[in-house]
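File shown: upload04.txt. Contents: compact mmCIF, N, CA and C atoms and all ligand atoms.
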```txt
# COMPACT_ATOMS: atom_id res chain seq x y z
N MET A 604 0.81 -1.21 0.00
CA MET A 604 0.00 0.00 0.00
C MET A 604 0.85 1.26 0.00
N SER A 605 2.07 1.17 0.49
CA SER A 605 2.87 2.39 0.57
C SER A 605 3.19 2.91 -0.83
N ASP A 606 3.32 1.99 -1.79
CA ASP A 606 3.56 2.41 -3.17
C ASP A 606 2.35 3.18 -3.70
N LEU A 607 1.18 2.66 -3.41
CA LEU A 607 -0.03 3.32 -3.86
C LEU A 607 -0.14 4.70 -3.22
N ARG A 608 0.21 4.77 -1.96
CA ARG A 608 0.13 6.05 -1.27
C ARG A 608 1.09 7.06 -1.92
N GLU A 609 2.22 6.53 -2.34
CA GLU A 609 3.19 7.38 -3.01
C GLU A 609 2.62 7.88 -4.33
N LEU A 610 1.92 6.98 -5.01
CA LEU A 610 1.36 7.31 -6.31
C LEU A 610 0.25 8.36 -6.19
N TYR A 611 -0.65 8.10 -5.27
CA TYR A 611 -1.77 9.02 -5.09
C TYR A 611 -1.40 10.09 -4.08
N GLN A 612 -0.49 10.91 -4.46
CA GLN A 612 -0.05 11.93 -3.52
C GLN A 612 -1.17 12.93 -3.27
N GLU A 613 -0.93 13.70 -2.25
CA GLU A 613 -1.96 14.62 -1.79
C GLU A 613 -2.44 15.57 -2.89
N VAL A 614 -1.50 16.04 -3.68
CA VAL A 614 -1.87 17.00 -4.73
C VAL A 614 -2.79 16.36 -5.76
N ILE A 615 -2.54 15.08 -6.03
CA ILE A 615 -3.39 14.37 -7.00
C ILE A 615 -4.78 14.18 -6.43
N LEU A 616 -4.84 13.79 -5.18
CA LEU A 616 -6.14 13.61 -4.54
C LEU A 616 -6.92 14.92 -4.51
N ASP A 617 -6.21 15.99 -4.20
CA ASP A 617 -6.85 17.30 -4.10
C ASP A 617 -7.43 17.73 -5.45
N HIS A 618 -6.63 17.55 -6.51
CA HIS A 618 -7.09 17.99 -7.83
C HIS A 618 -8.18 17.08 -8.39
N ASN A 619 -8.18 15.82 -7.94
CA ASN A 619 -9.26 14.94 -8.36
C ASN A 619 -10.57 15.34 -7.68
N LYS A 620 -10.44 15.71 -6.42
CA LYS A 620 -11.62 16.06 -5.63
C LYS A 620 -12.16 17.44 -6.02
N ARG A 621 -11.25 18.35 -6.25
CA ARG A 621 -11.66 19.72 -6.60
C ARG A 621 -10.93 20.16 -7.87
N PRO A 622 -11.32 19.59 -9.00
CA PRO A 622 -10.60 19.92 -10.24
C PRO A 622 -10.70 21.41 -10.58
N ARG A 623 -9.57 21.97 -11.01
CA ARG A 623 -9.54 23.38 -11.39
C ARG A 623 -9.91 23.51 -12.87
N ASN A 624 -10.53 24.63 -13.20
CA ASN A 624 -10.89 24.91 -14.60
C ASN A 624 -11.76 23.81 -15.19
N PHE A 625 -12.61 23.23 -14.35
CA PHE A 625 -13.49 22.15 -14.78
C PHE A 625 -14.81 22.74 -15.26
N GLU A 626 -14.82 23.14 -16.51
CA GLU A 626 -16.03 23.73 -17.08
C GLU A 626 -15.91 23.73 -18.60
N GLU A 627 -17.05 23.80 -19.25
CA GLU A 627 -17.03 23.92 -20.70
C GLU A 627 -16.86 25.38 -21.06
N LEU A 628 -16.09 25.63 -22.11
CA LEU A 628 -16.05 26.98 -22.70
C LEU A 628 -16.92 26.91 -23.95
N PRO A 629 -18.14 27.39 -23.87
CA PRO A 629 -19.07 27.19 -24.99
C PRO A 629 -18.55 27.81 -26.29
N ASP A 630 -17.82 28.90 -26.20
CA ASP A 630 -17.34 29.57 -27.41
C ASP A 630 -15.84 29.33 -27.64
N ALA A 631 -15.34 28.24 -27.13
CA ALA A 631 -13.91 27.96 -27.27
C ALA A 631 -13.50 27.94 -28.74
N GLU A 632 -12.34 28.56 -29.00
CA GLU A 632 -11.83 28.56 -30.37
C GLU A 632 -11.47 27.15 -30.82
N ARG A 633 -10.96 26.39 -29.88
CA ARG A 633 -10.54 25.03 -30.21
C ARG A 633 -10.97 24.09 -29.12
N ARG A 634 -11.23 22.86 -29.52
CA ARG A 634 -11.57 21.85 -28.54
C ARG A 634 -11.19 20.48 -29.09
N ALA A 635 -10.95 19.56 -28.20
CA ALA A 635 -10.64 18.20 -28.62
C ALA A 635 -11.10 17.26 -27.52
N THR A 636 -11.44 16.06 -27.93
CA THR A 636 -11.82 15.04 -26.95
C THR A 636 -10.78 13.93 -26.96
N GLY A 637 -10.54 13.38 -25.80
CA GLY A 637 -9.58 12.28 -25.67
C GLY A 637 -10.19 11.12 -24.92
N HIS A 638 -9.73 9.94 -25.26
CA HIS A 638 -10.26 8.72 -24.65
C HIS A 638 -9.11 7.76 -24.40
N ASN A 639 -9.05 7.24 -23.21
CA ASN A 639 -8.05 6.22 -22.87
C ASN A 639 -8.79 4.90 -22.66
N PRO A 640 -8.87 4.08 -23.70
CA PRO A 640 -9.69 2.86 -23.61
C PRO A 640 -9.18 1.85 -22.58
N LEU A 641 -7.90 1.93 -22.23
CA LEU A 641 -7.35 0.99 -21.25
C LEU A 641 -7.98 1.16 -19.88
N CYS A 642 -8.35 2.39 -19.59
CA CYS A 642 -8.86 2.69 -18.25
C CYS A 642 -10.28 3.22 -18.29
N GLY A 643 -10.70 3.70 -19.47
CA GLY A 643 -12.04 4.27 -19.59
C GLY A 643 -12.10 5.76 -19.35
N ASP A 644 -10.92 6.39 -19.24
CA ASP A 644 -10.89 7.83 -18.98
C ASP A 644 -11.33 8.60 -20.23
N ARG A 645 -12.10 9.64 -19.99
CA ARG A 645 -12.50 10.55 -21.06
C ARG A 645 -12.24 11.98 -20.63
N VAL A 646 -11.80 12.79 -21.58
CA VAL A 646 -11.57 14.19 -21.27
C VAL A 646 -11.86 15.02 -22.51
N GLU A 647 -12.42 16.21 -22.29
CA GLU A 647 -12.60 17.16 -23.38
C GLU A 647 -11.91 18.44 -22.96
N VAL A 648 -11.08 18.96 -23.86
CA VAL A 648 -10.30 20.15 -23.56
C VAL A 648 -10.82 21.31 -24.40
N PHE A 649 -10.98 22.45 -23.76
CA PHE A 649 -11.45 23.68 -24.42
C PHE A 649 -10.34 24.71 -24.34
N LEU A 650 -10.14 25.42 -25.43
CA LEU A 650 -8.95 26.25 -25.53
C LEU A 650 -9.24 27.56 -26.24
N ASP A 651 -8.79 28.64 -25.63
CA ASP A 651 -8.80 29.94 -26.31
C ASP A 651 -7.36 30.43 -26.40
N LEU A 652 -7.00 30.93 -27.56
CA LEU A 652 -5.64 31.42 -27.77
C LEU A 652 -5.66 32.93 -27.94
N GLU A 653 -4.51 33.50 -27.64
CA GLU A 653 -4.31 34.92 -27.93
C GLU A 653 -2.96 34.99 -28.63
N GLY A 654 -2.97 35.16 -29.92
CA GLY A 654 -1.72 35.02 -30.67
C GLY A 654 -1.27 33.58 -30.57
N ASP A 655 -0.03 33.38 -30.13
CA ASP A 655 0.42 32.00 -29.97
C ASP A 655 0.49 31.63 -28.49
N ARG A 656 -0.32 32.29 -27.70
CA ARG A 656 -0.31 32.05 -26.26
C ARG A 656 -1.66 31.47 -25.82
N VAL A 657 -1.62 30.57 -24.84
CA VAL A 657 -2.85 29.99 -24.30
C VAL A 657 -3.49 31.01 -23.36
N ARG A 658 -4.62 31.53 -23.78
CA ARG A 658 -5.29 32.53 -22.93
C ARG A 658 -6.12 31.84 -21.85
N ARG A 659 -6.82 30.79 -22.25
CA ARG A 659 -7.71 30.12 -21.30
C ARG A 659 -7.80 28.66 -21.72
N VAL A 660 -7.71 27.76 -20.76
CA VAL A 660 -7.87 26.35 -21.07
C VAL A 660 -8.67 25.70 -19.95
N THR A 661 -9.69 24.95 -20.34
CA THR A 661 -10.55 24.27 -19.37
C THR A 661 -10.76 22.84 -19.83
N PHE A 662 -11.37 22.05 -18.96
CA PHE A 662 -11.65 20.67 -19.37
C PHE A 662 -12.91 20.16 -18.69
N GLN A 663 -13.43 19.11 -19.27
CA GLN A 663 -14.47 18.32 -18.62
C GLN A 663 -14.15 16.87 -18.87
N GLY A 664 -14.66 16.01 -18.03
CA GLY A 664 -14.39 14.61 -18.27
C GLY A 664 -14.72 13.76 -17.08
N ALA A 665 -14.43 12.48 -17.23
CA ALA A 665 -14.67 11.52 -16.16
C ALA A 665 -13.65 10.40 -16.31
N GLY A 666 -13.22 9.88 -15.20
CA GLY A 666 -12.25 8.79 -15.25
C GLY A 666 -11.56 8.63 -13.92
N CYS A 667 -10.44 7.96 -13.93
CA CYS A 667 -9.74 7.68 -12.69
C CYS A 667 -9.13 8.96 -12.12
N ALA A 668 -8.73 8.87 -10.86
CA ALA A 668 -8.19 10.04 -10.16
C ALA A 668 -6.98 10.62 -10.88
N ILE A 669 -6.14 9.76 -11.41
CA ILE A 669 -4.93 10.25 -12.07
C ILE A 669 -5.28 11.04 -13.32
N SER A 670 -6.21 10.53 -14.12
CA SER A 670 -6.55 11.23 -15.36
C SER A 670 -7.19 12.58 -15.09
N GLN A 671 -8.05 12.63 -14.09
CA GLN A 671 -8.76 13.88 -13.80
C GLN A 671 -7.83 14.89 -13.12
N ALA A 672 -7.02 14.43 -12.20
CA ALA A 672 -6.07 15.33 -11.54
C ALA A 672 -5.05 15.85 -12.54
N SER A 673 -4.63 14.99 -13.45
CA SER A 673 -3.65 15.41 -14.44
C SER A 673 -4.23 16.48 -15.36
N ALA A 674 -5.50 16.31 -15.73
CA ALA A 674 -6.16 17.32 -16.58
C ALA A 674 -6.24 18.65 -15.84
N SER A 675 -6.61 18.59 -14.57
CA SER A 675 -6.72 19.80 -13.76
C SER A 675 -5.38 20.52 -13.66
N LEU A 676 -4.34 19.75 -13.37
CA LEU A 676 -3.00 20.34 -13.23
C LEU A 676 -2.48 20.82 -14.58
N MET A 677 -2.86 20.14 -15.64
CA MET A 677 -2.44 20.57 -16.98
C MET A 677 -3.00 21.96 -17.29
N THR A 678 -4.28 22.18 -16.96
CA THR A 678 -4.86 23.49 -17.27
C THR A 678 -4.13 24.59 -16.51
N GLU A 679 -3.77 24.30 -15.26
CA GLU A 679 -3.04 25.31 -14.48
C GLU A 679 -1.65 25.55 -15.05
N ALA A 680 -1.04 24.46 -15.53
CA ALA A 680 0.36 24.56 -15.97
C ALA A 680 0.50 25.31 -17.30
N VAL A 681 -0.47 25.17 -18.19
CA VAL A 681 -0.26 25.73 -19.54
C VAL A 681 -0.93 27.09 -19.75
N GLU A 682 -1.80 27.49 -18.84
CA GLU A 682 -2.45 28.79 -19.04
C GLU A 682 -1.39 29.89 -19.04
N GLY A 683 -1.45 30.73 -20.05
CA GLY A 683 -0.50 31.83 -20.17
C GLY A 683 0.78 31.46 -20.91
N LYS A 684 0.96 30.16 -21.17
CA LYS A 684 2.16 29.71 -21.87
C LYS A 684 2.02 29.89 -23.39
N THR A 685 3.14 30.03 -24.07
CA THR A 685 3.09 30.00 -25.52
C THR A 685 2.91 28.55 -25.95
N LEU A 686 2.56 28.37 -27.21
CA LEU A 686 2.36 27.00 -27.72
C LEU A 686 3.65 26.21 -27.62
N ALA A 687 4.78 26.85 -27.91
CA ALA A 687 6.07 26.15 -27.83
C ALA A 687 6.38 25.77 -26.39
N GLU A 688 6.05 26.66 -25.45
CA GLU A 688 6.29 26.34 -24.04
C GLU A 688 5.40 25.20 -23.57
N ALA A 689 4.15 25.21 -24.01
CA ALA A 689 3.22 24.14 -23.63
C ALA A 689 3.70 22.80 -24.18
N GLU A 690 4.19 22.83 -25.41
CA GLU A 690 4.70 21.61 -26.04
C GLU A 690 5.94 21.10 -25.28
N ALA A 691 6.82 22.01 -24.90
CA ALA A 691 8.03 21.63 -24.16
C ALA A 691 7.67 21.06 -22.79
N LEU A 692 6.65 21.64 -22.19
CA LEU A 692 6.20 21.16 -20.88
C LEU A 692 5.67 19.73 -20.98
N PHE A 693 4.93 19.46 -22.04
CA PHE A 693 4.42 18.12 -22.27
C PHE A 693 5.57 17.13 -22.44
N GLU A 694 6.57 17.53 -23.21
CA GLU A 694 7.73 16.65 -23.41
C GLU A 694 8.40 16.34 -22.07
N SER A 695 8.59 17.36 -21.26
CA SER A 695 9.25 17.15 -19.96
C SER A 695 8.40 16.29 -19.05
N PHE A 696 7.09 16.55 -19.08
CA PHE A 696 6.16 15.78 -18.25
C PHE A 696 6.19 14.30 -18.68
N HIS A 697 6.17 14.09 -19.98
CA HIS A 697 6.20 12.73 -20.50
C HIS A 697 7.51 12.03 -20.09
N ASP A 698 8.59 12.76 -20.15
CA ASP A 698 9.88 12.20 -19.74
C ASP A 698 9.86 11.85 -18.25
N LEU A 699 9.23 12.69 -17.46
CA LEU A 699 9.12 12.42 -16.02
C LEU A 699 8.40 11.09 -15.78
N LEU A 700 7.35 10.84 -16.57
CA LEU A 700 6.53 9.65 -16.38
C LEU A 700 7.21 8.39 -16.90
N THR A 701 8.12 8.57 -17.83
CA THR A 701 8.73 7.41 -18.48
C THR A 701 10.23 7.33 -18.20
N ASP A 702 10.69 8.18 -17.27
CA ASP A 702 12.10 8.18 -16.93
C ASP A 702 12.97 8.53 -18.14
N GLY A 703 12.46 9.43 -18.93
CA GLY A 703 13.16 9.81 -20.15
C GLY A 703 14.40 10.64 -19.86
N PRO A 704 15.12 10.98 -20.91
CA PRO A 704 16.44 11.59 -20.77
C PRO A 704 16.46 12.95 -20.09
N THR A 705 15.41 13.73 -20.24
CA THR A 705 15.46 15.07 -19.68
C THR A 705 14.75 15.17 -18.34
N ALA A 706 14.35 14.02 -17.78
CA ALA A 706 13.66 14.08 -16.49
C ALA A 706 14.51 14.83 -15.48
N GLY A 707 13.89 15.77 -14.80
CA GLY A 707 14.61 16.53 -13.80
C GLY A 707 15.30 17.74 -14.36
N ALA A 708 15.37 17.84 -15.68
CA ALA A 708 16.08 18.95 -16.29
C ALA A 708 15.26 20.24 -16.19
N ARG A 709 13.97 20.09 -16.06
CA ARG A 709 13.09 21.24 -16.04
C ARG A 709 12.31 21.23 -14.73
N ASP A 710 12.01 22.39 -14.22
CA ASP A 710 11.20 22.45 -13.01
C ASP A 710 9.74 22.28 -13.39
N LEU A 711 9.16 21.16 -13.01
CA LEU A 711 7.79 20.87 -13.39
C LEU A 711 6.79 21.28 -12.32
N GLY A 712 7.28 21.81 -11.21
CA GLY A 712 6.38 22.26 -10.16
C GLY A 712 5.47 21.14 -9.68
N LYS A 713 4.20 21.45 -9.59
CA LYS A 713 3.24 20.47 -9.06
C LYS A 713 3.13 19.21 -9.92
N LEU A 714 3.49 19.35 -11.19
CA LEU A 714 3.38 18.18 -12.07
C LEU A 714 4.28 17.04 -11.61
N GLU A 715 5.26 17.37 -10.78
CA GLU A 715 6.15 16.31 -10.29
C GLU A 715 5.44 15.35 -9.35
N ALA A 716 4.23 15.71 -8.94
CA ALA A 716 3.43 14.79 -8.13
C ALA A 716 3.21 13.47 -8.85
N PHE A 717 3.33 13.49 -10.19
CA PHE A 717 3.05 12.29 -10.98
C PHE A 717 4.29 11.42 -11.20
N ALA A 718 5.41 11.80 -10.58
CA ALA A 718 6.65 11.06 -10.81
C ALA A 718 6.49 9.57 -10.49
N GLY A 719 5.67 9.26 -9.47
CA GLY A 719 5.48 7.86 -9.07
C GLY A 719 4.80 7.02 -10.13
N VAL A 720 4.16 7.69 -11.10
CA VAL A 720 3.43 6.97 -12.14
C VAL A 720 4.36 6.10 -12.99
N LYS A 721 5.62 6.47 -13.06
CA LYS A 721 6.51 5.70 -13.93
C LYS A 721 6.69 4.26 -13.45
N ASP A 722 6.34 4.00 -12.18
CA ASP A 722 6.38 2.63 -11.68
C ASP A 722 5.13 1.84 -12.07
N TYR A 723 4.19 2.52 -12.71
CA TYR A 723 2.93 1.89 -13.11
C TYR A 723 2.68 2.20 -14.59
N PRO A 724 3.35 1.49 -15.49
CA PRO A 724 3.27 1.83 -16.92
C PRO A 724 1.85 1.93 -17.46
N MET A 725 0.95 1.13 -16.91
CA MET A 725 -0.45 1.21 -17.37
C MET A 725 -1.06 2.58 -17.09
N ARG A 726 -0.51 3.25 -16.07
CA ARG A 726 -1.09 4.53 -15.66
C ARG A 726 -0.54 5.72 -16.43
N VAL A 727 0.50 5.49 -17.19
CA VAL A 727 1.10 6.61 -17.93
C VAL A 727 0.07 7.24 -18.87
N LYS A 728 -0.75 6.38 -19.48
CA LYS A 728 -1.76 6.91 -20.40
C LYS A 728 -2.84 7.69 -19.68
N CYS A 729 -3.12 7.31 -18.46
CA CYS A 729 -4.07 8.09 -17.65
C CYS A 729 -3.51 9.50 -17.43
N ALA A 730 -2.24 9.55 -17.10
CA ALA A 730 -1.62 10.83 -16.74
C ALA A 730 -1.38 11.72 -17.96
N THR A 731 -1.24 11.12 -19.14
CA THR A 731 -0.93 11.93 -20.32
C THR A 731 -2.16 12.21 -21.20
N LEU A 732 -3.30 11.61 -20.87
CA LEU A 732 -4.48 11.77 -21.73
C LEU A 732 -4.83 13.23 -21.98
N ALA A 733 -4.90 14.01 -20.92
CA ALA A 733 -5.27 15.42 -21.08
C ALA A 733 -4.25 16.18 -21.92
N TRP A 734 -2.99 15.79 -21.79
CA TRP A 734 -1.92 16.45 -22.55
C TRP A 734 -2.00 16.10 -24.02
N HIS A 735 -2.26 14.82 -24.31
CA HIS A 735 -2.44 14.42 -25.71
C HIS A 735 -3.63 15.17 -26.32
N THR A 736 -4.66 15.32 -25.52
CA THR A 736 -5.87 15.99 -26.00
C THR A 736 -5.61 17.47 -26.22
N LEU A 737 -4.86 18.07 -25.32
CA LEU A 737 -4.45 19.47 -25.49
C LEU A 737 -3.67 19.64 -26.79
N ARG A 738 -2.72 18.74 -27.00
CA ARG A 738 -1.89 18.82 -28.21
C ARG A 738 -2.77 18.70 -29.46
N GLU A 739 -3.75 17.81 -29.38
CA GLU A 739 -4.67 17.63 -30.50
C GLU A 739 -5.43 18.92 -30.77
N ALA A 740 -5.89 19.56 -29.70
CA ALA A 740 -6.62 20.81 -29.84
C ALA A 740 -5.73 21.90 -30.43
N LEU A 741 -4.48 21.93 -30.00
CA LEU A 741 -3.55 22.95 -30.49
C LEU A 741 -3.25 22.75 -31.97
N ARG A 742 -3.14 21.51 -32.37
CA ARG A 742 -2.76 21.22 -33.74
C ARG A 742 -3.94 21.19 -34.71
N SER A 743 -5.13 21.13 -34.15
CA SER A 743 -6.29 20.92 -35.00
C SER A 743 -6.68 22.16 -35.77
N GLY A 744 -6.24 23.32 -35.29
CA GLY A 744 -6.80 24.53 -35.85
C GLY A 744 -8.20 24.68 -35.32
N ALA A 745 -8.99 25.55 -35.92
CA ALA A 745 -10.34 25.76 -35.43
C ALA A 745 -11.17 24.51 -35.65
N GLY A 746 -12.10 24.26 -34.74
CA GLY A 746 -12.98 23.12 -34.89
C GLY A 746 -12.69 22.05 -33.86
N ALA A 747 -13.27 20.90 -34.05
CA ALA A 747 -13.15 19.83 -33.06
C ALA A 747 -12.15 18.79 -33.52
N ALA A 748 -11.55 18.12 -32.56
CA ALA A 748 -10.59 17.07 -32.87
C ALA A 748 -10.71 15.97 -31.83
N THR A 749 -10.16 14.85 -32.16
CA THR A 749 -10.22 13.71 -31.25
C THR A 749 -8.83 13.15 -31.03
N ALA A 750 -8.52 12.89 -29.76
CA ALA A 750 -7.23 12.29 -29.44
C ALA A 750 -7.46 10.92 -28.83
N SER A 751 -6.56 10.02 -29.09
CA SER A 751 -6.59 8.73 -28.43
C SER A 751 -5.19 8.42 -27.97
N THR A 752 -5.09 7.73 -26.84
CA THR A 752 -3.77 7.39 -26.35
C THR A 752 -3.26 6.14 -27.04
N GLU A 753 -4.05 5.57 -27.90
CA GLU A 753 -3.59 4.36 -28.59
C GLU A 753 -2.92 4.71 -29.91
ZN ZN B 801 -7.15 6.15 -15.83
```
For this file, produce the structure as C-alpha cells.
Ligand code: ZN
Amino acid sequence: MSDLRELYQEVILDHNKRPRNFEELPDAERRATGHNPLCGDRVEVFLDLEGDRVRRVTFQGAGCAISQASASLMTEAVEGKTLAEAEALFESFHDLLTDGPTAGARDLGKLEAFAGVKDYPMRVKCATLAWHTLREALRSGAGAATASTE
C-alpha cells in the first residue's frame, strides 16, 4: 500500500476532488476530446488562444483520479504559456513519467506529483491523456478534434 500512497499523492487527490478549470467553454476557439480505452478515462479540452499564447484552457471529463487530476493540473500549468512552451512542458512531463532523458532537467512544479506513475506503466496513459488531448486541440486549428492514447 505504501507504493499506492506514493502514487496518489496529496496534490493528486486534491485535484481529483476539486478539479480546477473544470467547465465547458461554450465559445472555445478550439476543442478536442480524448479517450483512454485501457482505463475508460474521457476528457474534453477547451482552448482559447491569444496570438500563440494559451489565454484560457478548461476541461471536462470523467475517469480515474490520475486522469482527472492530471487534466486539472495541466490546465493550471499551460495557461499563459506560448504554444512552444506548452509543447516543451508536455515533453518534460512525459519524460518524467517514463524516466526519459530530460527528467529533472526542467522544473515541473506540481506536475512532479506524478513522478510515481513511472512505476505503473499502465497509468502513464491516464496521466498523459489530457496532454495528448491538449496537443490535439492545439494542432487541430479551429474546430473539433479527437485524441486517443492508442
Ligand atoms: Zn485512468
Please identify every residue of chain A that has at least one atom no farther than 7 Å from an atom of ligand ZN 801 (chain B), counting only C-alpha atoms and all ligand atoms, and for each give the shortest atom pair and the distance in Å to one decimal, arranged by chain then increasing number, as JSON lines.
```
{"residue": "A:Cys642", "atom": "CA", "partner": "B:ZN801", "partner_atom": "ZN", "distance": 4.6}
{"residue": "A:Gly643", "atom": "CA", "partner": "B:ZN801", "partner_atom": "ZN", "distance": 6.4}
{"residue": "A:Asp644", "atom": "CA", "partner": "B:ZN801", "partner_atom": "ZN", "distance": 5.2}
{"residue": "A:Gly666", "atom": "CA", "partner": "B:ZN801", "partner_atom": "ZN", "distance": 5.8}
{"residue": "A:Cys667", "atom": "CA", "partner": "B:ZN801", "partner_atom": "ZN", "distance": 4.3}
{"residue": "A:Ala668", "atom": "CA", "partner": "B:ZN801", "partner_atom": "ZN", "distance": 7.0}
{"residue": "A:Ile669", "atom": "CA", "partner": "B:ZN801", "partner_atom": "ZN", "distance": 6.0}
{"residue": "A:Ser670", "atom": "CA", "partner": "B:ZN801", "partner_atom": "ZN", "distance": 5.1}
{"residue": "A:Arg726", "atom": "CA", "partner": "B:ZN801", "partner_atom": "ZN", "distance": 6.3}
{"residue": "A:Cys729", "atom": "CA", "partner": "B:ZN801", "partner_atom": "ZN", "distance": 4.1}
```
Item to check | Filtered DSSP result for chain A, state strand (DSSP E or B), as a ChimeraX atom specification | outcome: /A:625,633-639,644-653,656-665,685,746-751
Item to check | Pairwise distance for atom N of Ala750 of chain A and atom N of Leu732 of chain A, rounded to one decimal in Å | outcome: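 Between these atoms lies a distance of 10.4 Å.
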Checklist entry - From the list A:Glu626, A:Asp722, A:Glu682, A:Glu715, which residue is nearest Asp702 of chain A when using all atoms listed in the file? => result A:Asp722
Item to check | Straight-line distance linking atom N of Thr701 of chain A with atom C of Arg634 of chain A, stated in Å to one decimal | outcome: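 It comes out at 25.3 Å.
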Checklist entry - At a cut-off of 10 Å from (-3.6, 19.4, -26.9) in the coordinates of the file, what residues are picked up using only C-alpha atoms, written as a list in words? => result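 The residues that fall inside the cut-off are Arg633, Arg634, Ala635, Thr636, Gly637, Glu647, Val648, Phe649, Leu650, Leu686, Ala689, Glu690, Phe693, Leu732, Ala733, Trp734, His735, Thr736, Leu737, Arg738, Glu739, Ala740, Leu741, Arg742, Ser743, Ala748, Thr749 and Ala750 of chain A.
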Item to check | Polymer residues at most 6.5 Å from segment 610-620 of chain A, only N, CA and C atoms, same-chain spacing of 5 or more positions, as an MDAnalysis selection string | outcome: chainID A and resid 605 668 671:672 675:676 716 719:720
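With distances taken over all atoms listed in the file, A:Arg659 is the one residue among A:Glu632, A:Arg659, A:Pro640, A:Gly712 lying closest to Val681 of chain A.
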Next on the checklist: Which residue is closest to Leu700 of chain A? Choose from A:Ala665, A:Ala687, A:Leu714, A:Val646 and count only C-alpha atoms.
Outcome noted: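 Closest to Leu700 of chain A of all the choices is A:Leu714.
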Next on the checklist: With distances taken over only C-alpha atoms, which residue among A:Asn639, A:Gly654, A:Asp710, A:Thr685 lies nearest Ala730 of chain A?
Outcome noted: A:Asn639
Could you work out an axis-aligned box for segment 654-660 of chain A, taking every atom the file lists and adding 4 Å on each side, and report centre and edge lengths in Å to one decimal, as JSON?
```
{"center_x": -4.1, "center_y": 30.4, "center_z": -25.3, "size_x": 17.2, "size_y": 17.5, "size_z": 18.7}
```
Item to check | Interatomic distance, atom C of Asn624 of chain A to atom N of Phe662 of chain A (Å, one decimal) | outcome: 4.2 Å
Next on the checklist: Using DSSP secondary structure from the backbone, list all helix (DSSP H, G or I) positions within segment 605-682 of chain A, as a list in words.
Outcome noted: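 Filtering segment 605-682 of chain A to helix (DSSP H, G or I) leaves Ser605, Asp606, Leu607, Arg608, Glu609, Leu610, Glu613, Val614, Ile615, Leu616, Asp617, His618, Asn619, Lys620, Ala668, Ile669, Ser670, Gln671, Ala672, Ser673, Ala674, Ser675, Leu676, Met677, Thr678, Glu679, Ala680 and Val681 of chain A.
Closest approach to Phe696 of chain A among A:Pro622, A:Leu711, A:Leu641, A:Ser673 is made by A:Leu711 (distances from all atoms listed in the file).
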How would segment 710-721 of chain A look with N, CA, C and O atoms restored, written as a PDB file, keeping the file's coordinate frame?
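As written to disk, out_16.pdb reads:
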```
ATOM      1  N   ASP A 710      12.010  22.390 -14.220  1.00  0.00           N
ATOM      2  CA  ASP A 710      11.200  22.450 -13.010  1.00  0.00           C
ATOM      3  C   ASP A 710       9.740  22.280 -13.390  1.00  0.00           C
ATOM      4  O   ASP A 710       9.145  23.152 -14.009  1.00  0.00           O
ATOM      5  N   LEU A 711       9.160  21.160 -13.010  1.00  0.00           N
ATOM      6  CA  LEU A 711       7.790  20.870 -13.390  1.00  0.00           C
ATOM      7  C   LEU A 711       6.790  21.280 -12.320  1.00  0.00           C
ATOM      8  O   LEU A 711       5.590  21.116 -12.507  1.00  0.00           O
ATOM      9  N   GLY A 712       7.280  21.810 -11.210  1.00  0.00           N
ATOM     10  CA  GLY A 712       6.380  22.260 -10.160  1.00  0.00           C
ATOM     11  C   GLY A 712       5.470  21.140  -9.680  1.00  0.00           C
ATOM     12  O   GLY A 712       5.931  20.019  -9.449  1.00  0.00           O
ATOM     13  N   LYS A 713       4.200  21.450  -9.590  1.00  0.00           N
ATOM     14  CA  LYS A 713       3.240  20.470  -9.060  1.00  0.00           C
ATOM     15  C   LYS A 713       3.130  19.210  -9.920  1.00  0.00           C
ATOM     16  O   LYS A 713       2.708  18.166  -9.447  1.00  0.00           O
ATOM     17  N   LEU A 714       3.490  19.350 -11.190  1.00  0.00           N
ATOM     18  CA  LEU A 714       3.380  18.180 -12.070  1.00  0.00           C
ATOM     19  C   LEU A 714       4.280  17.040 -11.610  1.00  0.00           C
ATOM     20  O   LEU A 714       4.061  15.888 -11.966  1.00  0.00           O
ATOM     21  N   GLU A 715       5.260  17.370 -10.780  1.00  0.00           N
ATOM     22  CA  GLU A 715       6.150  16.310 -10.290  1.00  0.00           C
ATOM     23  C   GLU A 715       5.440  15.350  -9.350  1.00  0.00           C
ATOM     24  O   GLU A 715       5.978  14.289  -9.016  1.00  0.00           O
ATOM     25  N   ALA A 716       4.230  15.710  -8.940  1.00  0.00           N
ATOM     26  CA  ALA A 716       3.430  14.790  -8.130  1.00  0.00           C
ATOM     27  C   ALA A 716       3.210  13.470  -8.850  1.00  0.00           C
ATOM     28  O   ALA A 716       2.935  12.443  -8.232  1.00  0.00           O
ATOM     29  N   PHE A 717       3.330  13.490 -10.190  1.00  0.00           N
ATOM     30  CA  PHE A 717       3.050  12.290 -10.980  1.00  0.00           C
ATOM     31  C   PHE A 717       4.290  11.420 -11.200  1.00  0.00           C
ATOM     32  O   PHE A 717       4.230  10.433 -11.929  1.00  0.00           O
ATOM     33  N   ALA A 718       5.410  11.800 -10.580  1.00  0.00           N
ATOM     34  CA  ALA A 718       6.650  11.060 -10.810  1.00  0.00           C
ATOM     35  C   ALA A 718       6.490   9.570 -10.490  1.00  0.00           C
ATOM     36  O   ALA A 718       7.068   8.709 -11.153  1.00  0.00           O
ATOM     37  N   GLY A 719       5.670   9.260  -9.470  1.00  0.00           N
ATOM     38  CA  GLY A 719       5.480   7.860  -9.070  1.00  0.00           C
ATOM     39  C   GLY A 719       4.800   7.020 -10.130  1.00  0.00           C
ATOM     40  O   GLY A 719       4.845   5.790 -10.089  1.00  0.00           O
ATOM     41  N   VAL A 720       4.160   7.690 -11.100  1.00  0.00           N
ATOM     42  CA  VAL A 720       3.430   6.970 -12.140  1.00  0.00           C
ATOM     43  C   VAL A 720       4.360   6.100 -12.990  1.00  0.00           C
ATOM     44  O   VAL A 720       3.942   5.090 -13.551  1.00  0.00           O
ATOM     45  N   LYS A 721       5.620   6.470 -13.060  1.00  0.00           N
ATOM     46  CA  LYS A 721       6.510   5.700 -13.930  1.00  0.00           C
ATOM     47  C   LYS A 721       6.690   4.260 -13.450  1.00  0.00           C
ATOM     48  O   LYS A 721       7.089   3.399 -14.211  1.00  0.00           O
TER      49      LYS A 721
END
```
